[in-house]
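A.B. asks: Enclosed is the structure file final-v1.tsv (TSV, C-alpha atoms).
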```tsv
chain	number	residue	atom	x	y	z
K	1	MET	CA	-57.66	42.05	-4.81
K	2	TYR	CA	-59.88	40.63	-2.08
K	3	ARG	CA	-58.36	38.70	0.83
K	4	LEU	CA	-60.64	36.50	2.91
K	5	TYR	CA	-59.46	35.03	6.20
K	6	THR	CA	-62.03	32.63	7.60
K	7	HIS	CA	-62.60	29.61	9.83
K	8	ASN	CA	-61.85	26.04	8.71
K	9	ASP	CA	-65.25	24.56	9.65
K	10	LEU	CA	-68.32	24.29	7.38
K	11	ASP	CA	-69.51	27.83	8.09
K	12	GLY	CA	-66.06	29.27	7.48
K	13	VAL	CA	-65.56	27.31	4.27
K	14	GLY	CA	-69.08	28.32	3.24
K	15	CYS	CA	-67.80	31.90	3.38
K	16	GLY	CA	-64.89	30.90	1.13
K	17	ILE	CA	-67.26	29.36	-1.41
K	18	VAL	CA	-69.49	32.45	-1.44
K	19	ALA	CA	-66.40	34.64	-1.92
K	20	LYS	CA	-65.12	32.47	-4.80
K	21	ILE	CA	-68.51	32.74	-6.50
K	22	ALA	CA	-68.53	36.52	-6.01
K	23	PHE	CA	-64.94	37.35	-6.95
K	24	GLY	CA	-63.54	34.35	-8.81
K	25	LYS	CA	-59.77	34.66	-9.26
K	26	GLU	CA	-59.82	38.12	-7.67
K	27	VAL	CA	-60.00	36.64	-4.15
K	28	GLU	CA	-57.41	34.85	-2.06
K	29	VAL	CA	-58.98	32.66	0.64
K	30	ARG	CA	-57.13	31.40	3.71
K	31	TYR	CA	-58.74	28.93	6.11
K	32	ASN	CA	-57.65	29.18	9.74
K	33	SER	CA	-58.17	27.58	13.13
K	34	VAL	CA	-59.33	29.78	15.98
K	35	VAL	CA	-55.79	30.11	17.35
K	36	GLY	CA	-54.16	30.39	13.91
K	37	LEU	CA	-55.92	33.50	12.66
K	38	ASP	CA	-53.99	36.05	14.71
K	39	TYR	CA	-50.66	34.67	13.50
K	40	GLN	CA	-51.82	34.95	9.88
K	41	ILE	CA	-53.06	38.51	10.36
K	42	GLU	CA	-49.75	39.50	11.99
K	43	ARG	CA	-47.84	38.09	9.00
K	44	LEU	CA	-50.12	39.96	6.61
K	45	PHE	CA	-49.43	43.28	8.32
K	46	GLU	CA	-45.70	42.61	8.10
K	47	GLN	CA	-46.15	42.86	4.32
K	48	GLU	CA	-47.93	46.20	4.26
K	49	LYS	CA	-47.71	46.60	0.50
K	50	LYS	CA	-50.23	43.75	0.17
K	51	LEU	CA	-52.80	45.78	2.12
K	52	LYS	CA	-52.43	49.04	0.20
K	53	ASP	CA	-55.07	48.38	-2.43
K	54	ASP	CA	-56.61	45.14	-1.13
K	55	PHE	CA	-59.95	44.56	0.58
K	56	LEU	CA	-59.42	42.46	3.72
K	57	ILE	CA	-62.42	40.45	4.95
K	58	ILE	CA	-62.40	38.31	8.11
K	59	THR	CA	-65.34	35.98	8.71
K	60	ASP	CA	-66.46	33.56	11.44
K	61	LEU	CA	-63.43	34.39	13.60
K	62	SER	CA	-62.31	37.15	15.96
K	63	VAL	CA	-58.90	38.78	16.33
K	64	ASN	CA	-56.97	39.57	19.50
K	65	GLU	CA	-56.47	43.06	20.93
K	66	GLU	CA	-53.22	43.70	19.06
K	67	ASN	CA	-54.73	42.83	15.69
K	68	LEU	CA	-57.89	44.78	16.52
K	69	ILE	CA	-55.71	47.89	16.83
K	70	ARG	CA	-53.95	47.06	13.55
K	71	LEU	CA	-57.27	46.65	11.73
K	72	ASP	CA	-58.67	49.85	13.16
K	73	ASP	CA	-55.56	51.80	12.16
K	74	LEU	CA	-55.84	50.32	8.66
K	75	ALA	CA	-59.47	51.41	8.38
K	76	LYS	CA	-58.72	54.92	9.71
K	77	SER	CA	-55.92	55.35	7.17
K	78	GLY	CA	-58.31	54.59	4.31
K	79	GLY	CA	-57.74	50.84	4.05
K	80	LYS	CA	-60.59	48.51	3.20
K	81	VAL	CA	-61.39	46.03	5.97
K	82	ARG	CA	-64.49	44.22	7.18
K	83	LEU	CA	-64.97	41.72	10.02
K	84	ILE	CA	-68.19	39.70	9.73
K	85	ASP	CA	-69.13	37.33	12.56
K	86	HIS	CA	-72.13	35.86	14.37
K	87	HIS	CA	-70.75	34.92	17.80
K	88	LYS	CA	-71.97	37.01	20.72
K	89	THR	CA	-68.40	37.07	22.08
K	90	ALA	CA	-67.56	39.24	19.03
K	91	LEU	CA	-70.30	41.85	19.49
K	92	HIS	CA	-67.77	44.45	20.71
K	93	PHE	CA	-66.45	44.69	17.13
K	94	ASN	CA	-69.66	46.56	16.25
K	95	GLU	CA	-68.11	49.56	18.04
K	96	TYR	CA	-65.83	49.93	15.00
K	97	SER	CA	-66.85	51.11	11.55
K	98	TRP	CA	-65.47	47.93	9.97
K	99	GLY	CA	-67.25	45.52	12.34
K	100	ARG	CA	-70.45	43.72	11.30
K	101	VAL	CA	-71.51	41.24	14.00
K	102	LYS	CA	-75.06	39.95	14.28
K	103	VAL	CA	-76.23	37.01	16.38
K	104	ASN	CA	-79.95	36.92	15.54
K	105	TYR	CA	-82.19	38.03	12.70
K	106	GLU	CA	-85.24	40.15	13.46
K	107	ASP	CA	-87.48	37.06	13.18
K	108	GLY	CA	-85.49	35.24	15.89
K	109	ARG	CA	-83.47	32.92	13.63
K	110	LEU	CA	-79.78	32.60	14.44
K	111	THR	CA	-77.29	33.93	11.93
K	112	ALA	CA	-74.23	32.26	10.44
K	113	ALA	CA	-71.09	33.82	9.02
K	114	THR	CA	-71.93	32.43	5.56
K	115	SER	CA	-75.40	33.98	5.54
K	116	LEU	CA	-74.10	37.33	6.83
K	117	LEU	CA	-71.34	37.49	4.22
K	118	TYR	CA	-73.79	36.56	1.45
K	119	GLU	CA	-76.20	39.29	2.54
K	120	TYR	CA	-73.37	41.82	2.75
K	121	LEU	CA	-72.26	41.02	-0.81
K	122	LEU	CA	-75.85	41.19	-2.08
K	123	GLU	CA	-76.35	44.52	-0.31
K	124	HIS	CA	-73.29	45.97	-2.07
K	125	GLU	CA	-74.12	44.29	-5.40
K	126	LEU	CA	-70.91	42.26	-5.34
K	127	ILE	CA	-72.56	38.89	-6.03
K	128	LYS	CA	-75.36	37.60	-8.22
K	129	GLN	CA	-78.19	35.89	-6.38
K	130	SER	CA	-79.32	32.40	-7.47
K	131	GLN	CA	-81.64	29.70	-6.17
K	132	ALA	CA	-78.82	27.17	-5.79
K	133	LEU	CA	-76.71	29.66	-3.85
K	134	ASP	CA	-79.65	30.62	-1.62
K	135	GLU	CA	-80.23	26.95	-0.83
K	136	PHE	CA	-76.56	26.26	-0.10
K	137	VAL	CA	-76.25	29.25	2.25
K	138	GLU	CA	-79.39	28.24	4.14
K	139	LEU	CA	-78.14	24.66	4.57
K	140	VAL	CA	-74.89	25.98	6.05
K	141	ARG	CA	-76.79	28.36	8.34
K	142	GLN	CA	-79.16	25.68	9.59
K	143	TYR	CA	-76.35	23.26	10.30
K	144	ASP	CA	-74.13	25.79	12.08
K	145	THR	CA	-76.99	27.02	14.28
K	146	TRP	CA	-78.32	23.48	14.80
K	147	GLU	CA	-81.72	24.52	13.44
K	148	TRP	CA	-81.56	21.50	11.13
K	149	ASP	CA	-82.30	19.29	14.14
K	150	GLN	CA	-85.42	21.26	15.09
K	151	ASN	CA	-86.52	21.40	11.43
K	152	GLU	CA	-85.53	17.77	10.72
K	153	ASN	CA	-83.51	19.08	7.78
K	154	ILE	CA	-81.23	16.07	7.28
K	155	LYS	CA	-79.85	17.63	4.09
K	156	ALA	CA	-78.04	20.28	6.17
K	157	LYS	CA	-76.43	17.60	8.34
K	158	ASN	CA	-75.50	15.64	5.21
K	159	LEU	CA	-73.71	18.71	3.86
K	160	ASN	CA	-71.51	18.80	6.96
K	161	ASP	CA	-70.89	15.05	6.72
K	162	LEU	CA	-69.76	15.49	3.12
K	163	PHE	CA	-67.53	18.38	4.18
K	164	PHE	CA	-65.66	16.06	6.57
K	165	MET	CA	-65.34	13.31	3.97
K	166	LEU	CA	-63.52	15.58	1.51
K	167	SER	CA	-60.50	17.84	1.75
K	168	ILE	CA	-61.32	21.53	2.10
K	169	ASP	CA	-59.94	22.25	-1.38
K	170	LYS	CA	-61.98	19.46	-2.98
K	171	PHE	CA	-65.16	20.43	-1.12
K	172	GLU	CA	-64.72	24.09	-2.07
K	173	GLU	CA	-64.13	23.19	-5.73
K	174	LYS	CA	-67.09	20.80	-6.00
K	175	MET	CA	-69.59	23.04	-4.22
K	176	THR	CA	-68.54	26.18	-6.12
K	177	GLU	CA	-68.89	24.44	-9.49
K	178	ARG	CA	-72.23	22.90	-8.50
K	179	ILE	CA	-73.74	26.19	-7.36
K	180	LEU	CA	-72.60	28.00	-10.50
K	181	ASN	CA	-73.94	25.32	-12.85
K	182	SER	CA	-77.14	24.12	-11.17
K	183	GLU	CA	-80.61	25.54	-10.75
K	184	HIS	CA	-80.94	23.89	-7.32
K	185	PHE	CA	-78.39	22.62	-4.82
K	186	GLU	CA	-78.50	18.80	-4.70
K	187	PHE	CA	-76.16	15.90	-3.91
K	188	ASP	CA	-75.32	13.52	-6.75
K	189	ASP	CA	-76.05	9.76	-6.59
K	190	PHE	CA	-72.52	8.82	-5.54
K	191	GLU	CA	-72.56	11.36	-2.72
K	192	GLN	CA	-75.93	10.09	-1.54
K	193	LYS	CA	-74.52	6.57	-1.24
K	194	LEU	CA	-71.46	7.85	0.61
K	195	LEU	CA	-73.68	9.82	2.98
K	196	GLU	CA	-75.79	6.76	3.78
K	197	MET	CA	-72.65	4.82	4.68
K	198	GLU	CA	-71.35	7.74	6.74
K	199	GLU	CA	-74.62	7.98	8.68
K	200	GLU	CA	-74.32	4.32	9.70
K	201	LYS	CA	-70.72	4.91	10.74
K	202	ILE	CA	-71.68	7.92	12.88
K	203	GLU	CA	-74.48	5.95	14.59
K	204	ARG	CA	-72.03	3.18	15.55
K	205	TYR	CA	-69.53	5.76	16.80
K	206	VAL	CA	-72.13	7.54	18.95
K	207	ARG	CA	-73.37	4.23	20.42
K	208	ARG	CA	-69.82	3.36	21.50
K	209	LYS	CA	-69.19	6.77	23.03
K	210	LYS	CA	-72.44	6.59	25.03
K	211	ARG	CA	-70.82	3.78	27.03
K	212	GLU	CA	-67.76	5.92	27.82
K	213	ILE	CA	-69.32	9.12	29.20
K	214	VAL	CA	-68.35	10.16	32.74
K	215	GLN	CA	-70.55	12.27	35.02
K	216	THR	CA	-69.36	14.83	37.59
K	217	PHE	CA	-69.99	18.31	38.93
K	218	ILE	CA	-67.71	21.09	37.68
K	219	GLY	CA	-68.63	24.21	39.59
K	220	ASP	CA	-72.42	24.37	39.80
K	221	PHE	CA	-72.98	22.36	36.62
K	222	CYS	CA	-73.63	18.65	36.34
K	223	THR	CA	-71.35	17.77	33.46
K	224	GLY	CA	-71.00	14.81	31.12
K	225	ILE	CA	-67.43	14.29	29.87
K	226	VAL	CA	-66.36	12.06	26.98
K	227	HIS	CA	-63.23	11.67	24.86
K	228	ALA	CA	-63.86	11.85	21.11
K	229	GLU	CA	-61.91	13.00	18.07
K	230	SER	CA	-64.80	13.46	15.65
K	231	HIS	CA	-68.54	14.01	15.20
K	232	HIS	CA	-68.71	16.40	18.15
K	233	SER	CA	-72.00	18.03	17.18
K	234	GLU	CA	-73.86	14.75	16.66
K	235	LEU	CA	-72.34	13.26	19.79
K	236	GLY	CA	-73.07	16.28	21.97
K	237	ASN	CA	-76.67	16.42	20.76
K	238	GLU	CA	-77.35	12.71	21.31
K	239	LEU	CA	-75.72	12.61	24.75
K	240	GLY	CA	-77.66	15.71	25.77
K	241	LYS	CA	-80.98	14.23	24.66
K	242	ASP	CA	-80.28	10.88	26.32
K	243	ASN	CA	-79.22	12.54	29.58
K	244	PRO	CA	-81.33	15.69	30.00
K	245	TYR	CA	-80.30	16.00	33.65
K	246	LEU	CA	-76.76	16.90	32.52
K	247	ASP	CA	-76.31	20.65	32.16
K	248	TYR	CA	-73.79	20.32	29.35
K	249	ILE	CA	-71.49	17.86	27.57
K	250	ALA	CA	-67.72	18.40	27.39
K	251	ILE	CA	-66.08	16.53	24.49
K	252	LEU	CA	-62.32	16.21	24.83
K	253	ASN	CA	-59.91	15.85	21.93
K	254	LEU	CA	-56.55	15.20	23.57
K	255	GLY	CA	-54.74	14.92	20.25
K	256	GLY	CA	-55.93	18.35	19.20
K	257	LYS	CA	-55.74	19.70	22.76
K	258	LYS	CA	-59.27	21.07	22.46
K	259	ILE	CA	-62.58	20.86	24.30
K	260	SER	CA	-65.99	21.21	22.66
K	261	PHE	CA	-68.95	22.17	24.83
K	262	ARG	CA	-72.55	21.33	23.89
K	263	THR	CA	-75.88	21.79	25.65
K	264	ILE	CA	-79.56	21.29	24.79
K	265	HIS	CA	-80.72	23.61	27.59
K	266	ASP	CA	-81.70	27.27	27.48
K	267	HIS	CA	-80.54	27.92	31.06
K	268	VAL	CA	-76.91	27.04	30.24
K	269	ASP	CA	-74.65	29.22	28.08
K	270	VAL	CA	-71.61	27.13	27.18
K	271	SER	CA	-69.91	30.11	25.51
K	272	THR	CA	-69.49	31.49	29.04
K	273	ILE	CA	-67.95	28.21	30.18
K	274	ALA	CA	-65.60	28.15	27.19
K	275	GLY	CA	-64.75	31.78	27.89
K	276	GLN	CA	-63.35	30.81	31.29
K	277	PHE	CA	-60.62	28.92	29.43
K	278	GLY	CA	-59.97	31.49	26.70
K	279	GLY	CA	-62.48	30.12	24.21
K	280	GLY	CA	-65.94	31.12	23.03
K	281	GLY	CA	-68.68	30.42	20.54
K	282	HIS	CA	-72.44	30.04	20.74
K	283	ALA	CA	-74.73	29.63	23.75
K	284	LYS	CA	-75.29	25.96	22.90
K	285	ALA	CA	-72.07	25.08	21.07
K	286	SER	CA	-68.66	26.43	22.02
K	287	GLY	CA	-65.07	25.37	22.41
K	288	CYS	CA	-61.65	26.20	23.80
K	289	SER	CA	-58.06	25.06	23.78
K	290	MET	CA	-57.08	22.67	26.55
K	291	GLY	CA	-54.75	24.65	28.81
K	292	LYS	CA	-53.43	23.55	32.21
K	293	GLU	CA	-56.54	24.58	34.16
K	294	ALA	CA	-58.94	22.89	31.74
K	295	PHE	CA	-56.75	19.77	31.61
K	296	GLN	CA	-56.82	19.53	35.40
K	297	LEU	CA	-60.61	19.91	35.63
K	298	PHE	CA	-61.71	17.80	32.67
K	299	VAL	CA	-58.95	15.16	32.49
K	300	ASN	CA	-56.90	14.76	35.69
K	301	ASP	CA	-59.74	15.18	38.17
K	302	ILE	CA	-62.18	12.86	36.38
K	303	PHE	CA	-59.71	10.14	35.31
K	304	PRO	CA	-60.43	7.92	38.37
K	305	LEU	CA	-64.21	8.03	37.74
K	306	ASP	CA	-66.02	5.12	36.13
K	307	PRO	CA	-68.23	5.67	33.07
K	308	MET	CA	-71.92	6.19	33.73
K	309	ARG	CA	-74.03	3.06	33.90
K	310	GLN	CA	-76.57	3.03	31.09
K	311	ASP	CA	-80.28	2.60	31.77
K	312	ALA	CA	-81.63	-0.88	31.08
K	313	PHE	CA	-83.37	-1.13	27.74
K	314	LYS	CA	-85.85	-3.62	26.28
K	315	ASN	CA	-87.58	-3.87	29.65
K	316	ARG	CA	-91.18	-5.05	29.68
K	317	TYR	CA	-92.08	-3.95	33.21
K	318	ASN	CA	-89.57	-1.50	34.66
K	319	ASN	CA	-90.02	1.44	32.33
K	320	LYS	CA	-89.68	5.18	32.75
K	321	ASN	CA	-92.68	7.34	33.54
K	322	ALA	CA	-94.73	4.32	34.67
K	323	PRO	CA	-97.37	5.46	37.22
K	324	GLN	CA	-97.02	2.18	39.14
K	325	GLY	CA	-93.34	2.88	39.69
K	326	SER	CA	-89.86	2.83	38.18
K	327	LEU	CA	-86.86	1.39	40.01
K	328	TYR	CA	-83.31	2.78	39.92
K	329	GLU	CA	-80.08	1.80	41.61
K	330	ASN	CA	-76.61	3.28	42.10
K	331	LYS	CA	-73.20	1.68	42.59
K	332	LYS	CA	-73.57	1.91	46.38
K	333	GLY	CA	-76.56	-0.41	46.13
K	334	ASP	CA	-79.14	2.25	47.04
K	335	LYS	CA	-82.61	1.69	45.59
K	336	PHE	CA	-84.66	4.60	44.24
K	337	PHE	CA	-88.36	4.02	43.54
K	338	ILE	CA	-90.31	6.73	41.67
K	339	PHE	CA	-94.10	6.44	41.46
K	340	ALA	CA	-97.10	8.69	40.84
K	341	LYS	CA	-99.27	9.90	43.68
K	342	ASP	CA	-101.48	11.64	41.14
K	343	GLU	CA	-101.03	13.18	37.69
K	344	ASN	CA	-98.80	16.07	38.83
K	345	LYS	CA	-97.25	14.64	42.00
K	346	TRP	CA	-94.50	12.04	41.96
K	347	ILE	CA	-93.02	10.40	45.06
K	348	LEU	CA	-89.43	9.27	45.46
K	349	GLU	CA	-88.55	6.53	47.93
K	350	ILE	CA	-84.88	5.97	48.76
K	351	ASN	CA	-84.25	2.53	50.27
K	352	GLY	CA	-87.90	2.39	51.26
K	353	ASN	CA	-87.96	5.82	52.89
K	354	PRO	CA	-90.04	8.57	51.24
K	355	ASP	CA	-88.10	11.68	50.27
K	356	GLN	CA	-89.54	14.88	51.68
K	357	GLU	CA	-89.73	16.57	48.29
K	358	ILE	CA	-92.78	16.07	46.05
K	359	PHE	CA	-91.88	16.28	42.37
K	360	GLU	CA	-94.14	17.87	39.75
K	361	GLY	CA	-93.30	15.27	37.12
K	362	PHE	CA	-91.43	12.03	36.56
K	363	GLN	CA	-88.59	13.78	34.71
K	364	ALA	CA	-87.92	16.09	37.64
K	365	ALA	CA	-87.65	13.11	40.02
K	366	GLU	CA	-85.39	11.19	37.65
K	367	ASN	CA	-83.17	14.24	37.11
K	368	TYR	CA	-82.79	14.56	40.88
K	369	ILE	CA	-81.53	11.00	41.45
K	370	LYS	CA	-79.34	10.96	38.35
K	371	ARG	CA	-77.67	14.30	39.13
K	372	ASN	CA	-77.12	13.60	42.82
K	373	SER	CA	-76.73	9.81	42.98
K	374	ALA	CA	-75.72	8.73	39.44
K	375	ALA	CA	-78.53	6.15	39.47
K	376	TRP	CA	-79.65	4.01	36.53
K	377	LEU	CA	-82.85	2.21	35.56
K	378	VAL	CA	-82.47	-1.46	36.54
K	379	ARG	CA	-83.37	-4.58	34.57
K	380	ASP	CA	-86.74	-6.29	34.86
K	381	ASP	CA	-85.42	-9.16	37.01
K	382	VAL	CA	-84.15	-6.72	39.69
K	383	TYR	CA	-87.45	-4.85	39.50
K	384	VAL	CA	-89.52	-8.01	39.96
K	385	ASP	CA	-87.42	-9.12	42.96
K	386	PHE	CA	-87.84	-5.65	44.48
K	387	LEU	CA	-91.66	-5.88	44.11
K	388	LYS	CA	-91.67	-9.39	45.64
K	389	ASP	CA	-89.74	-8.14	48.68
K	390	PHE	CA	-92.04	-5.13	48.93
K	391	TYR	CA	-95.13	-7.38	48.79
K	392	MET	CA	-93.76	-9.72	51.46
K	393	LYS	CA	-92.99	-6.82	53.78
K	394	MET	CA	-96.50	-5.45	53.32
K	395	LYS	CA	-97.97	-8.89	54.00
K	396	HIS	CA	-96.13	-9.23	57.30
```
Before we go any further, please render this structure as structure tokens.

C.D. replies:
Amino acid sequence: MYRLYTHNDLDGVGCGIVAKIAFGKEVEVRYNSVVGLDYQIERLFEQEKKLKDDFLIITDLSVNEENLIRLDDLAKSGGKVRLIDHHKTALHFNEYSWGRVKVNYEDGRLTAATSLLYEYLLEHELIKQSQALDEFVELVRQYDTWEWDQNENIKAKNLNDLFFMLSIDKFEEKMTERILNSEHFEFDDFEQKLLEMEEEKIERYVRRKKREIVQTFIGDFCTGIVHAESHHSELGNELGKDNPYLDYIAILNLGGKKISFRTIHDHVDVSTIAGQFGGGGHAKASGCSMGKEAFQLFVNDIFPLDPMRQDAFKNRYNNKNAPQGSLYENKKGDKFFIFAKDENKWILEINGNPDQEIFEGFQAAENYIKRNSAAWLVRDDVYVDFLKDFYMKMKH
């Protein structure tokens, strides 16, 4: 009997589907939250007779120190155990004979638990390869590593959307049957319609949340903080792209007492930030439970702050990256005017006084005023009045 303990997100459930295809009724699959796995493993070891002849596989999750010792003792006594993961916070499990943790492939692509489990089963001839299964595993991998965004592979994102629209049991059943009975992995017509409706719903949700984001410094990082119960990956990605001056986005789910961290930058590793609060994950997507310290920093301390003012849109004249100048303002009434001296030198004037620093590009100048002064691009009418005043001063 095979026993698979795995995560309850798409990548974790992808492992469950691969295991069901490989072992059929000979596998028992349990889906767990990050904090729930250790409790389940402890209960399993309380019933030692279940482990005598079983093969225990843990995927997409790590165990605590106590369970690590239990698993190692099981392996040393001849038990069959394997932990397969792709988070760099789990790399220390490679020190044990039963650990198989890999973050990157040799070609630089990021791994996923589903792809690693599939490759392990293929390597040991425990599963039959098929085109539909290959395609499903790759969709899961691209979504979990966020490569779908770089590759514009909307099908991978749609798979995750469908996952959230169905119960885990229903999703597992439908995907398993489809992979076993199809040459290629495709969505049916009804699912396509559902996915189109879901995409519109997500877009509306993200637009609303963009108006609620709060900006502050936490430690050395300029952080965007927003409360949201769903669509964390899409929301984190969109907020990061819209506000590249923010080092990372913290998405708070008070009901679930969790924080998700997302970044679009290579210089920020949010798994390190999550690790400060007992969590972990990937360099660009991580999470943690909301303990007292995290609650103080991300909820109590920022509660008095107002949401960020959004940049004016549909302007005809006051636009970003305009060589003739772009005008910004903050809630104190300070005016920030960015203009090009030449192609690679941009000047910043604050209330009419030139800043000493010369910026190498418009984005660098905008990042500076947004990070340090929470400024926003003003509407055309404010811009025109500013130019009139500037012209009159020059005239006199």

A.B. asks: Any idea what the distance is between atom CA of Thr111 of chain K and atom CA of His86 of chain K?

C.D. replies: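 Value for the atom CA of Thr111 of chain K-atom CA of His86 of chain K distance: 6.0 Å.
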
A.B. asks: Have a look at atom CA of Tyr248 of chain K and atom CA of Thr263 of chain K and let me know their distance in Å, one decimal.

C.D. replies: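 Result for atom CA of Tyr248 of chain K versus atom CA of Thr263 of chain K: 4.5 Å, one decimal.
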
A.B. asks: Using all atoms listed in the file, find each residue of segment 145-179 of chain K with at least one atom at most 12 Å away from an atom of segment 211-231 of chain K; report its shortest atom-to-atom pair and that distance in Å (one decimal), sort the rows by chain and rising residue number, and return the result as CSV.

C.D. replies:
```
residue,atom,partner,partner_atom,distance
K:Lys157,CA,K:His231,CA,11.1
K:Asn160,CA,K:His231,CA,10.0
K:Asp161,CA,K:His231,CA,8.9
K:Phe163,CA,K:His231,CA,11.9
K:Phe164,CA,K:His231,CA,9.3
K:Met165,CA,K:Ser230,CA,11.7
```

A.B. asks: List every residue of segment 205-283 of chain K that has an atom at most 12 Å from any atom of segment 351-364 of chain K, and for each one report the closest atom pair and its distance in Å to one decimal, counting all atoms listed in the file, with rows sorted by chain and then by increasing residue number, as a tab-separated table.

C.D. replies:
```
residue	atom	partner	partner_atom	distance
K:Asn243	CA	K:Gln363	CA	10.8
K:Pro244	CA	K:Gln363	CA	8.9
K:Tyr245	CA	K:Ala364	CA	8.6
```

A.B. asks: Using all atoms of segment 38-47 of chain K that appear in the file, construct an axis-aligned enclosing box with 3 Å of padding on every side and provide its centre coordinates and edge lengths in Å, rounded to one decimal, as JSON.

C.D. replies:
```
{"center_x": -49.8, "center_y": 39.0, "center_z": 9.5, "size_x": 14.3, "size_y": 14.6, "size_z": 16.4}
```
